[in-house]
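J.: Here you go, this is structure-v1.cif (mmCIF, C-alpha atoms, pLDDT in the B column; chains and numbers go by the auth columns).
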data_upload
#
loop_
_atom_site.group_PDB
_atom_site.id
_atom_site.type_symbol
_atom_site.label_atom_id
_atom_site.label_comp_id
_atom_site.label_asym_id
_atom_site.label_seq_id
_atom_site.Cartn_x
_atom_site.Cartn_y
_atom_site.Cartn_z
_atom_site.B_iso_or_equiv
_atom_site.auth_seq_id
_atom_site.auth_asym_id
ATOM 1 C CA MET A 1 116.440 99.698 81.832 79.00 1 A
ATOM 2 C CA PRO A 2 116.583 96.475 83.901 82.00 2 A
ATOM 3 C CA LEU A 3 117.885 93.419 82.035 88.00 3 A
ATOM 4 C CA PHE A 4 116.412 89.986 82.722 91.00 4 A
ATOM 5 C CA ILE A 5 117.777 86.606 81.684 93.00 5 A
ATOM 6 C CA SER A 6 115.420 83.649 81.357 95.00 6 A
ATOM 7 C CA GLN A 7 117.110 80.249 81.703 95.00 7 A
ATOM 8 C CA PHE A 8 115.445 76.891 81.129 96.00 8 A
ATOM 9 C CA TYR A 9 116.424 73.726 83.012 95.00 9 A
ATOM 10 C CA LEU A 10 114.973 70.267 83.463 94.00 10 A
ATOM 11 C CA ALA A 11 114.070 69.015 86.927 94.00 11 A
ATOM 12 C CA SER A 12 116.477 66.137 86.277 92.00 12 A
ATOM 13 C CA ASN A 13 119.377 68.611 85.950 87.00 13 A
ATOM 14 C CA PRO A 14 118.630 71.321 88.515 80.00 14 A
ATOM 15 C CA ASP A 15 122.094 72.788 89.146 82.00 15 A
ATOM 16 C CA LYS A 16 122.335 76.319 87.751 73.00 16 A
ATOM 17 C CA ARG A 17 126.117 75.952 87.440 78.00 17 A
ATOM 18 C CA TRP A 18 125.489 73.728 84.416 83.00 18 A
ATOM 19 C CA LYS A 19 124.644 75.338 81.092 88.00 19 A
ATOM 20 C CA PRO A 20 120.877 75.809 80.682 93.00 20 A
ATOM 21 C CA LEU A 21 119.094 74.242 77.714 93.00 21 A
ATOM 22 C CA LYS A 22 118.080 77.714 76.550 94.00 22 A
ATOM 23 C CA GLU A 23 118.814 81.282 77.586 95.00 23 A
ATOM 24 C CA HIS A 24 117.009 84.449 76.549 96.00 24 A
ATOM 25 C CA GLU A 25 117.543 88.102 77.500 95.00 25 A
ATOM 26 C CA PHE A 26 114.831 90.739 77.656 93.00 26 A
ATOM 27 C CA SER A 27 114.335 94.163 79.202 92.00 27 A
ATOM 28 C CA LEU A 28 111.475 95.859 81.016 87.00 28 A
ATOM 29 C CA SER A 29 111.382 99.396 82.341 86.00 29 A
ATOM 30 C CA SER A 30 110.570 99.858 86.014 79.00 30 A
ATOM 31 C CA HIS A 31 107.450 101.719 84.866 80.00 31 A
ATOM 32 C CA HIS A 32 106.399 98.682 82.840 84.00 32 A
ATOM 33 C CA ILE A 33 107.109 96.406 85.815 80.00 33 A
ATOM 34 C CA GLY A 34 104.822 98.614 87.869 76.00 34 A
ATOM 35 C CA ASN A 35 102.023 98.262 85.332 76.00 35 A
ATOM 36 C CA LEU A 36 102.513 94.497 85.162 78.00 36 A
ATOM 37 C CA GLY A 37 102.207 94.314 88.932 71.00 37 A
ATOM 38 C CA GLU A 38 98.545 95.227 88.630 63.00 38 A
ATOM 39 C CA LEU A 39 98.052 92.483 86.004 69.00 39 A
ATOM 40 C CA TYR A 40 99.986 89.508 87.329 72.00 40 A
ATOM 41 C CA SER A 41 100.555 89.966 91.040 69.00 41 A
ATOM 42 C CA GLY A 42 98.230 88.131 93.402 68.00 42 A
ATOM 43 C CA THR A 43 98.544 90.840 96.064 64.00 43 A
ATOM 44 C CA LEU A 44 97.245 94.389 95.872 59.00 44 A
ATOM 45 C CA ILE A 45 100.520 96.322 95.648 65.00 45 A
ATOM 46 C CA ARG A 46 100.919 99.499 93.632 64.00 46 A
ATOM 47 C CA HIS A 47 104.032 100.975 92.017 72.00 47 A
ATOM 48 C CA LEU A 48 105.899 97.668 92.037 76.00 48 A
ATOM 49 C CA GLY A 49 108.437 99.111 89.593 75.00 49 A
ATOM 50 C CA GLN A 50 109.632 101.540 92.254 71.00 50 A
ATOM 51 C CA HIS A 51 110.055 98.643 94.662 72.00 51 A
ATOM 52 C CA TYR A 52 112.130 96.811 92.035 76.00 52 A
ATOM 53 C CA GLY A 53 114.524 99.762 91.742 74.00 53 A
ATOM 54 C CA LEU A 54 114.930 100.027 95.519 73.00 54 A
ATOM 55 C CA TYR A 55 115.440 96.294 96.001 74.00 55 A
ATOM 56 C CA THR A 56 118.038 95.845 93.283 73.00 56 A
ATOM 57 C CA ASN A 57 119.858 99.172 93.796 71.00 57 A
ATOM 58 C CA PRO A 58 119.477 100.163 97.469 64.00 58 A
ATOM 59 C CA SER A 59 122.611 102.314 97.277 65.00 59 A
ATOM 60 C CA THR A 60 120.819 104.790 94.983 63.00 60 A
ATOM 61 C CA SER A 61 118.613 105.881 97.867 60.00 61 A
ATOM 62 C CA PRO A 62 120.555 105.015 101.049 59.00 62 A
ATOM 63 C CA ILE A 63 118.573 107.355 103.291 59.00 63 A
ATOM 64 C CA SER A 64 115.375 105.339 102.837 64.00 64 A
ATOM 65 C CA TRP A 65 117.193 102.225 104.040 70.00 65 A
ATOM 66 C CA HIS A 66 118.256 103.671 107.399 75.00 66 A
ATOM 67 C CA VAL A 67 116.297 102.836 110.534 75.00 67 A
ATOM 68 C CA HIS A 68 115.314 105.974 112.469 74.00 68 A
ATOM 69 C CA ASN A 69 117.005 105.230 115.796 78.00 69 A
ATOM 70 C CA THR A 70 116.943 107.986 118.450 77.00 70 A
ATOM 71 C CA SER A 71 118.248 106.093 121.463 78.00 71 A
ATOM 72 C CA PHE A 72 121.211 103.799 122.065 76.00 72 A
ATOM 73 C CA GLY A 73 121.002 101.739 125.228 77.00 73 A
ATOM 74 C CA ILE A 74 123.211 98.968 126.549 81.00 74 A
ATOM 75 C CA LYS A 75 123.579 95.815 124.475 79.00 75 A
ATOM 76 C CA VAL A 76 121.794 92.701 125.672 84.00 76 A
ATOM 77 C CA GLY A 77 123.424 89.360 124.886 84.00 77 A
ATOM 78 C CA ARG A 78 123.089 88.411 121.229 81.00 78 A
ATOM 79 C CA ILE A 79 120.502 91.130 120.527 82.00 79 A
ATOM 80 C CA GLU A 80 121.803 93.816 118.147 81.00 80 A
ATOM 81 C CA PHE A 81 120.627 97.242 117.045 79.00 81 A
ATOM 82 C CA GLN A 82 118.935 97.275 113.669 78.00 82 A
ATOM 83 C CA ASN A 83 120.419 100.144 111.672 78.00 83 A
ATOM 84 C CA GLU A 84 119.232 99.299 108.150 76.00 84 A
ATOM 85 C CA LYS A 85 115.795 98.376 106.912 71.00 85 A
ATOM 86 C CA GLN A 86 115.236 94.816 105.710 71.00 86 A
ATOM 87 C CA ARG A 87 113.777 94.005 102.314 70.00 87 A
ATOM 88 C CA ALA A 88 110.290 92.523 102.712 70.00 88 A
ATOM 89 C CA GLN A 89 109.882 89.004 101.334 71.00 89 A
ATOM 90 C CA ALA A 90 106.302 89.816 100.332 72.00 90 A
ATOM 91 C CA ILE A 91 107.533 92.535 97.976 75.00 91 A
ATOM 92 C CA SER A 92 110.275 90.406 96.431 76.00 92 A
ATOM 93 C CA GLY A 93 107.742 87.612 95.969 81.00 93 A
ATOM 94 C CA ASN A 94 105.389 89.892 94.069 82.00 94 A
ATOM 95 C CA ILE A 95 108.232 91.140 91.869 83.00 95 A
ATOM 96 C CA GLY A 96 108.988 87.513 91.003 86.00 96 A
ATOM 97 C CA GLU A 97 105.380 86.721 90.156 89.00 97 A
ATOM 98 C CA VAL A 98 105.215 89.726 87.847 88.00 98 A
ATOM 99 C CA LEU A 99 108.246 88.680 85.796 91.00 99 A
ATOM 100 C CA VAL A 100 107.519 85.018 84.961 94.00 100 A
ATOM 101 C CA ILE A 101 104.807 85.617 82.341 94.00 101 A
ATOM 102 C CA PRO A 102 106.734 88.340 80.443 94.00 102 A
ATOM 103 C CA GLY A 103 109.809 86.090 80.588 95.00 103 A
ATOM 104 C CA LEU A 104 107.974 83.192 78.939 97.00 104 A
ATOM 105 C CA ALA A 105 106.252 85.430 76.400 96.00 105 A
ATOM 106 C CA SER A 106 109.489 87.142 75.399 96.00 106 A
ATOM 107 C CA THR A 107 111.330 83.837 74.944 97.00 107 A
ATOM 108 C CA LEU A 108 108.469 82.427 72.843 97.00 108 A
ATOM 109 C CA LYS A 109 108.254 85.742 70.922 96.00 109 A
ATOM 110 C CA THR A 110 104.551 85.780 71.733 94.00 110 A
ATOM 111 C CA PRO A 111 102.484 88.759 72.941 93.00 111 A
ATOM 112 C CA MET A 112 101.727 88.433 76.636 89.00 112 A
ATOM 113 C CA ASN A 113 97.980 88.500 75.973 88.00 113 A
ATOM 114 C CA LYS A 114 98.370 85.398 73.778 91.00 114 A
ATOM 115 C CA LEU A 115 99.644 83.232 76.631 93.00 115 A
ATOM 116 C CA ASN A 116 96.808 81.310 78.248 94.00 116 A
ATOM 117 C CA PHE A 117 97.199 81.313 82.020 94.00 117 A
ATOM 118 C CA HIS A 118 95.315 82.026 85.210 93.00 118 A
ATOM 119 C CA ARG A 119 96.200 82.524 88.830 92.00 119 A
ATOM 120 C CA ILE A 120 95.006 79.873 91.241 93.00 120 A
ATOM 121 C CA LYS A 121 94.632 79.816 95.016 91.00 121 A
ATOM 122 C CA ALA A 122 93.333 77.538 97.742 92.00 122 A
ATOM 123 C CA GLN A 123 92.066 78.405 101.207 88.00 123 A
ATOM 124 C CA GLN A 124 92.875 75.174 103.066 86.00 124 A
ATOM 125 C CA MET A 125 96.103 74.059 101.374 87.00 125 A
ATOM 126 C CA LYS A 126 99.207 75.304 99.640 88.00 126 A
ATOM 127 C CA CYS A 127 98.994 75.468 95.857 93.00 127 A
ATOM 128 C CA PRO A 128 101.001 76.923 92.948 95.00 128 A
ATOM 129 C CA ASP A 129 100.640 80.543 91.848 95.00 129 A
ATOM 130 C CA TYR A 130 99.616 79.934 88.239 95.00 130 A
ATOM 131 C CA ARG A 131 98.350 77.382 85.790 96.00 131 A
ATOM 132 C CA ILE A 132 99.564 77.921 82.231 97.00 132 A
ATOM 133 C CA SER A 133 98.905 76.271 78.868 96.00 133 A
ATOM 134 C CA LEU A 134 101.983 75.488 76.787 95.00 134 A
ATOM 135 C CA SER A 135 101.800 73.391 73.634 94.00 135 A
ATOM 136 C CA SER A 136 104.327 70.692 72.767 92.00 136 A
ATOM 137 C CA SER A 137 105.776 73.175 70.282 92.00 137 A
ATOM 138 C CA ASP A 138 106.142 75.789 73.032 95.00 138 A
ATOM 139 C CA LEU A 139 107.833 73.289 75.352 95.00 139 A
ATOM 140 C CA ASN A 140 110.274 72.355 72.604 93.00 140 A
ATOM 141 C CA LYS A 141 111.170 76.001 72.071 94.00 141 A
ATOM 142 C CA LEU A 142 111.735 76.605 75.769 96.00 142 A
ATOM 143 C CA TRP A 143 113.376 73.285 76.634 95.00 143 A
ATOM 144 C CA PRO A 144 115.059 72.038 73.445 92.00 144 A
ATOM 145 C CA SER A 145 115.876 68.524 74.569 86.00 145 A
ATOM 146 C CA LYS A 146 115.581 65.176 72.819 81.00 146 A
ATOM 147 C CA ALA A 147 114.894 63.613 76.207 79.00 147 A
ATOM 148 C CA ILE A 148 111.384 65.081 76.425 85.00 148 A
ATOM 149 C CA PRO A 149 108.725 63.026 74.592 86.00 149 A
ATOM 150 C CA THR A 150 106.440 64.889 72.197 83.00 150 A
ATOM 151 C CA ILE A 151 103.057 64.397 73.805 83.00 151 A
ATOM 152 C CA VAL A 152 100.122 66.605 74.645 84.00 152 A
ATOM 153 C CA VAL A 153 100.569 67.830 78.216 87.00 153 A
ATOM 154 C CA PRO A 154 97.859 69.308 80.459 89.00 154 A
ATOM 155 C CA ASP A 155 97.858 72.844 81.807 94.00 155 A
ATOM 156 C CA LEU A 156 101.017 73.139 83.883 97.00 156 A
ATOM 157 C CA PRO A 157 100.973 74.340 87.504 97.00 157 A
ATOM 158 C CA LEU A 158 103.609 77.049 87.921 98.00 158 A
ATOM 159 C CA GLU A 159 105.033 77.954 91.328 97.00 159 A
ATOM 160 C CA VAL A 160 107.178 81.102 91.598 96.00 160 A
ATOM 161 C CA LYS A 161 109.810 81.571 94.297 93.00 161 A
ATOM 162 C CA SER A 162 111.941 84.694 94.700 89.00 162 A
ATOM 163 C CA CYS A 163 115.104 85.023 96.730 83.00 163 A
ATOM 164 C CA LEU A 164 117.519 87.714 97.834 76.00 164 A
ATOM 165 C CA LYS A 165 120.558 85.495 98.294 73.00 165 A
ATOM 166 C CA GLU A 166 122.742 83.016 96.423 71.00 166 A
ATOM 167 C CA ASP A 167 121.203 79.675 95.496 76.00 167 A
ATOM 168 C CA ASN A 168 121.804 76.854 93.022 80.00 168 A
ATOM 169 C CA TYR A 169 118.733 74.649 92.751 87.00 169 A
ATOM 170 C CA TYR A 170 114.999 75.003 92.603 89.00 170 A
ATOM 171 C CA PRO A 171 113.718 75.660 96.135 88.00 171 A
ATOM 172 C CA VAL A 172 112.571 72.497 97.874 90.00 172 A
ATOM 173 C CA GLU A 173 109.640 74.284 99.530 88.00 173 A
ATOM 174 C CA ALA A 174 108.131 74.791 96.055 94.00 174 A
ATOM 175 C CA LEU A 175 107.823 71.015 95.709 95.00 175 A
ATOM 176 C CA GLN A 176 105.042 71.047 98.275 92.00 176 A
ATOM 177 C CA GLN A 177 102.868 73.271 96.061 94.00 177 A
ATOM 178 C CA LEU A 178 103.287 70.927 93.085 96.00 178 A
ATOM 179 C CA TYR A 179 102.553 67.870 95.200 96.00 179 A
ATOM 180 C CA GLU A 180 99.414 69.387 96.717 95.00 180 A
ATOM 181 C CA TYR A 181 98.146 70.368 93.270 96.00 181 A
ATOM 182 C CA TRP A 182 98.703 66.899 91.805 97.00 182 A
ATOM 183 C CA LYS A 183 97.102 65.280 94.853 95.00 183 A
ATOM 184 C CA GLU A 184 94.067 67.556 94.591 96.00 184 A
ATOM 185 C CA CYS A 185 93.672 66.821 90.863 95.00 185 A
ATOM 186 C CA ASN A 186 93.803 63.064 91.557 95.00 186 A
ATOM 187 C CA ASN A 187 94.360 62.370 87.856 95.00 187 A
ATOM 188 C CA PRO A 188 97.283 60.282 86.505 94.00 188 A
ATOM 189 C CA LEU A 189 97.196 62.308 83.271 94.00 189 A
ATOM 190 C CA ILE A 190 98.025 65.482 85.207 95.00 190 A
ATOM 191 C CA GLU A 191 100.318 64.198 87.953 97.00 191 A
ATOM 192 C CA GLY A 192 104.016 64.768 87.357 97.00 192 A
ATOM 193 C CA TYR A 193 103.797 67.801 85.049 97.00 193 A
ATOM 194 C CA GLY A 194 104.600 71.295 86.270 98.00 194 A
ATOM 195 C CA LEU A 195 106.981 74.236 86.508 98.00 195 A
ATOM 196 C CA ILE A 196 108.972 75.970 89.211 97.00 196 A
ATOM 197 C CA ALA A 197 110.372 79.438 88.497 97.00 197 A
ATOM 198 C CA ARG A 198 113.239 80.664 90.666 93.00 198 A
ATOM 199 C CA ILE A 199 114.019 84.388 90.562 91.00 199 A
ATOM 200 C CA ASN A 200 117.001 85.971 92.276 84.00 200 A
ATOM 201 C CA ILE A 201 116.474 89.712 92.227 79.00 201 A
ATOM 202 C CA ALA A 202 119.639 90.405 94.227 70.00 202 A
ATOM 203 C CA GLU A 203 122.074 89.188 91.539 69.00 203 A
ATOM 204 C CA PRO A 204 123.800 91.725 89.211 67.00 204 A
ATOM 205 C CA TYR A 205 121.344 90.634 86.530 75.00 205 A
ATOM 206 C CA THR A 206 117.931 89.292 87.411 83.00 206 A
ATOM 207 C CA TYR A 207 117.938 85.634 86.401 90.00 207 A
ATOM 208 C CA ILE A 208 114.669 83.776 85.984 93.00 208 A
ATOM 209 C CA ARG A 209 115.307 80.039 86.092 94.00 209 A
ATOM 210 C CA TYR A 210 112.449 77.863 84.869 97.00 210 A
ATOM 211 C CA TYR A 211 112.533 74.178 85.841 96.00 211 A
ATOM 212 C CA LEU A 212 110.321 71.775 83.902 97.00 212 A
ATOM 213 C CA PHE A 213 108.873 68.765 85.737 97.00 213 A
ATOM 214 C CA PHE A 214 108.037 66.200 83.050 96.00 214 A
ATOM 215 C CA LYS A 215 107.606 62.751 84.522 96.00 215 A
ATOM 216 C CA ASN A 216 109.438 59.640 83.343 95.00 216 A
ATOM 217 C CA ASN A 217 108.417 56.009 83.822 94.00 217 A
ATOM 218 C CA ARG A 218 109.857 55.950 87.366 96.00 218 A
ATOM 219 C CA PHE A 219 107.445 58.611 88.599 97.00 219 A
ATOM 220 C CA THR A 220 104.682 57.789 91.046 97.00 220 A
ATOM 221 C CA MET A 221 103.047 60.084 93.569 97.00 221 A
ATOM 222 C CA GLY A 222 104.373 57.884 96.360 96.00 222 A
ATOM 223 C CA ARG A 223 107.959 58.051 95.124 96.00 223 A
ATOM 224 C CA PHE A 224 107.721 61.790 94.633 96.00 224 A
ATOM 225 C CA LYS A 225 106.412 62.350 98.140 94.00 225 A
ATOM 226 C CA LYS A 226 109.109 60.150 99.620 93.00 226 A
ATOM 227 C CA ALA A 227 111.835 61.986 97.692 92.00 227 A
ATOM 228 C CA ALA A 228 110.505 65.492 98.358 90.00 228 A
ATOM 229 C CA TYR A 229 109.540 64.975 101.987 82.00 229 A
ATOM 230 C CA ALA A 230 112.838 63.433 102.994 70.00 230 A
ATOM 231 C CA GLN A 231 113.151 61.760 106.376 58.00 231 A
ATOM 232 C CA GLY A 232 113.146 64.346 109.104 55.00 232 A
ATOM 233 C CA LEU A 233 111.518 67.051 106.992 58.00 233 A
ATOM 234 C CA ARG A 234 107.933 65.856 107.341 58.00 234 A
ATOM 235 C CA LYS A 235 105.751 68.694 106.064 56.00 235 A
ATOM 236 C CA SER A 236 108.266 71.446 106.739 60.00 236 A
ATOM 237 C CA LEU A 237 110.487 72.145 103.745 64.00 237 A
ATOM 238 C CA SER A 238 111.711 75.605 104.681 59.00 238 A
ATOM 239 C CA GLY A 239 115.088 76.274 106.231 64.00 239 A
ATOM 240 C CA VAL A 240 116.650 73.158 104.727 71.00 240 A
ATOM 241 C CA LYS A 241 120.436 73.000 104.816 74.00 241 A
ATOM 242 C CA LYS A 242 122.160 73.328 101.454 69.00 242 A
ATOM 243 C CA SER A 243 123.620 69.814 101.503 79.00 243 A
ATOM 244 C CA LYS A 244 120.234 68.257 102.311 83.00 244 A
ATOM 245 C CA GLN A 245 118.517 70.387 99.651 84.00 245 A
ATOM 246 C CA GLN A 246 120.989 69.080 97.076 86.00 246 A
ATOM 247 C CA ARG A 247 120.190 65.477 98.014 88.00 247 A
ATOM 248 C CA ILE A 248 116.450 66.170 97.792 91.00 248 A
ATOM 249 C CA VAL A 249 116.552 67.780 94.341 91.00 249 A
ATOM 250 C CA GLU A 250 118.830 65.059 92.997 89.00 250 A
ATOM 251 C CA THR A 251 116.500 62.324 94.281 93.00 251 A
ATOM 252 C CA VAL A 252 113.430 64.137 92.988 95.00 252 A
ATOM 253 C CA GLY A 253 115.168 64.795 89.661 95.00 253 A
ATOM 254 C CA GLY A 254 115.512 61.057 89.034 95.00 254 A
ATOM 255 C CA LEU A 255 111.721 60.871 88.605 97.00 255 A
ATOM 256 C CA PHE A 256 111.665 63.382 85.741 96.00 256 A
ATOM 257 C CA PHE A 257 113.210 64.018 82.350 92.00 257 A
#
As C-alpha cells, what does this structure read like?

T.:
Amino acid sequence: MPLFISQFYLASNPDKRWKPLKEHEFSLSSHHIGNLGELYSGTLIRHLGQHYGLYTNPSTSPISWHVHNTSFGIKVGRIEFQNEKQRAQAISGNIGEVLVIPGLASTLKTPMNKLNFHRIKAQQMKCPDYRISLSSSDLNKLWPSKAIPTIVVPDLPLEVKSCLKEDNYYPVEALQQLYEYWKECNNPLIEGYGLIARINIAEPYTYIRYYLFFKNNRFTMGRFKKAAYAQGLRKSLSGVKKSKQQRIVETVGGLFF
C-alpha cells in the first residue's frame, strides 16, 4: 500500500532540506486513490490509482513503457529515437491534486468530508486549484510555530504542483496563481494568505510538502509582485534556473512568517 508523508513548512523557510515544522505519514491503496480521483481531480480521468502504480513503479510493467518502433533510419543531428514512453504531466498533476485533501485530513485526524473546500477555476486568468477553510486551531496543528499570530484567517487559496524530478523549494510558477487570486479578490483582509502544495511522486516515498503563506508586516501586493516576478522573468515563471528560483523564494519568503 503506497505510503505518503505530509510535511509542513512556512513560506519564510522553504528549503525542504531543513526539518519541517510537522510531519505525518498516511497510506492509501491505489484503489482508494482511484476513487478519490473522481472526487477531487479537476479533470475527467478514470482509474487514477492504476496511473499512480505505473508512474511510481514503471519497472513492474516495463512492456507498457516501450515505444513501438518498427523502423530505424539514419540519425539526424541532435534528434534521437524515442524508445521509452514519457510520463504525462497531466496525469501526475491529477495524482497530486487527489492527494492534498486526504493528506490534510489525515494529519488533522478529521474525516475528509468534514474539511470545507471547493475547487475553483477561471477562464481568463490563472488561479489556484482549491480554496479551503482552516481554523486557527487547524493551522496551529499543521504548522506548530510561535511565529504565526493567532488570528482568524479567510479561506485559503491552495495551489497544487506535482513533479517527477528532484526539487527543494516551492515551485515559483505557483506564485502566479496566488498573486492572481489575491489581485482578483482586491481585499487587504485576504491578500497574503494561501497555500502551495508540492508533490514529488517520483521519490521513493511520495512526499507532500505544504507551504503556508501567512503575511507579515512587510507584505504588500507590490512587494510580492516585485519579488515573485523577478527582473527578466516578467510573466513567465516556468523553466527558471535553480539558482534564480532560490533567490526568488528567499526574497518572497521575507514577506511572510

J.: Apply the PyMOL selection byres ((chain A and resi 207-221) around 6) to the structure shown and report the selected residues as a CSV table (one decimal) with C-alpha atoms, keeping the file's coordinate frame.

T.:
chain,number,residue,atom,x,y,z
A,4,PHE,CA,116.4,90.0,82.7
A,5,ILE,CA,117.8,86.6,81.7
A,6,SER,CA,115.4,83.6,81.4
A,7,GLN,CA,117.1,80.2,81.7
A,8,PHE,CA,115.4,76.9,81.1
A,9,TYR,CA,116.4,73.7,83.0
A,10,LEU,CA,115.0,70.3,83.5
A,11,ALA,CA,114.1,69.0,86.9
A,192,GLY,CA,104.0,64.8,87.4
A,193,TYR,CA,103.8,67.8,85.0
A,194,GLY,CA,104.6,71.3,86.3
A,195,LEU,CA,107.0,74.2,86.5
A,196,ILE,CA,109.0,76.0,89.2
A,197,ALA,CA,110.4,79.4,88.5
A,198,ARG,CA,113.2,80.7,90.7
A,199,ILE,CA,114.0,84.4,90.6
A,200,ASN,CA,117.0,86.0,92.3
A,206,THR,CA,117.9,89.3,87.4
A,222,GLY,CA,104.4,57.9,96.4
A,223,ARG,CA,108.0,58.1,95.1
A,224,PHE,CA,107.7,61.8,94.6
A,255,LEU,CA,111.7,60.9,88.6
A,256,PHE,CA,111.7,63.4,85.7
A,257,PHE,CA,113.2,64.0,82.4

J.: Applying 12 Å and all atoms listed in the file, which residues near Met1 of chain A remain after dropping the ones on its own chain fewer than 6 positions away? List them as a CSV table (one decimal) with C-alpha atoms, in the coordinates of the input.

T.:
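Final output, out_34.csv:
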chain,number,residue,atom,x,y,z
A,26,PHE,CA,114.8,90.7,77.7
A,27,SER,CA,114.3,94.2,79.2
A,28,LEU,CA,111.5,95.9,81.0
A,29,SER,CA,111.4,99.4,82.3
A,30,SER,CA,110.6,99.9,86.0
A,31,HIS,CA,107.4,101.7,84.9
A,32,HIS,CA,106.4,98.7,82.8
A,33,ILE,CA,107.1,96.4,85.8
A,49,GLY,CA,108.4,99.1,89.6
A,52,TYR,CA,112.1,96.8,92.0
A,53,GLY,CA,114.5,99.8,91.7
A,205,TYR,CA,121.3,90.6,86.5
A,206,THR,CA,117.9,89.3,87.4

J.: Using atom CA of Ala230 of chain A and atom CA of Glu180 of chain A as the two end points, give the distance in Å to one decimal.

T.: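 Taking atom CA of Ala230 of chain A and atom CA of Glu180 of chain A, their separation equals 16.0 Å.
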
J.: Can you tell me which residues surround Leu108 of chain A at a distance of at most 9 Å, considering all atoms listed in the file, apart from same-chain residues fewer than 3 positions away, and format the answer as a PyMOL selection string?

T.: chain A and resi 103-105+111+138+141-142

J.: Run the PyMOL selection byres ((chain A and resi 47) around 8) on the file and write out the hits as JSON, numbers by chain.

T.: {"A": [31, 34, 35, 37, 45, 46, 48, 49, 50, 51]}

J.: To one decimal place in Å, what is the distance between atom CA of Gly96 of chain A and atom CA of Cys163 of chain A?

T.: 8.7 Å

J.: What is the distance, in Å and to one decimal place, between atom CA of Arg78 of chain A and atom CA of Glu173 of chain A?

T.: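 Computing it gives 29.2 Å between the two atoms.
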
J.: Run the PyMOL selection byres ((chain A and resi 97) around 8) mentally over the shown coordinates, then write out the matched residues as a list in words, using the chain letters and numbers from the document.

T.: Tyr40, Ser41, Gly42, Gly93, Asn94, Ile95, Gly96, Val98, Leu99, Val100, Ile101, Asp129, Val160 and Lys161 of chain A

J.: Could you check which of A:Thr56, A:Thr251, A:Gln124, A:Ser136 is closest to Arg87 of chain A, using only C-alpha atoms?

T.: A:Thr56

J.: For each of A:Lys146, A:Leu175, A:Asp155, A:Trp65, take the minimum atom-to-atom distance to Leu115 of chain A, counting all atoms listed in the file, then give the residue where this is smallest.

T.: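 Closest to Leu115 of chain A of all the choices is A:Asp155.
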
J.: Nearest to Asn168 of chain A: which of A:Ser71, A:Gln246, A:Ser106, A:Asn140 is it, counting only C-alpha atoms?

T.: A:Gln246

J.: Listed atoms of segment 125-136 of chain A, axis-aligned box, 8 Å per side: centre and edge lengths to one decimal in Å, as AutoDock Vina command-line options?

T.:
--center_x 100.2 --center_y 75.6 --center_z 87.1 --size_x 24.2 --size_y 25.9 --size_z 44.6

J.: Which one of A:Ile151, A:Ile201, A:Lys16, A:Gly254 sits closest to Pro2 of chain A if you count all atoms listed in the file?

T.: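 Closest candidate: A:Ile201.
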
J.: In the coordinates of the file, take the point (94.3, 79.4, 94.8) and a cut-off of 12 Å; then, counting all atoms listed in the file, name each qualifying protein, DNA or RNA residue as a PyMOL selection string.

T.: chain A and resi 42+118-131+157-159+177+180-181+184
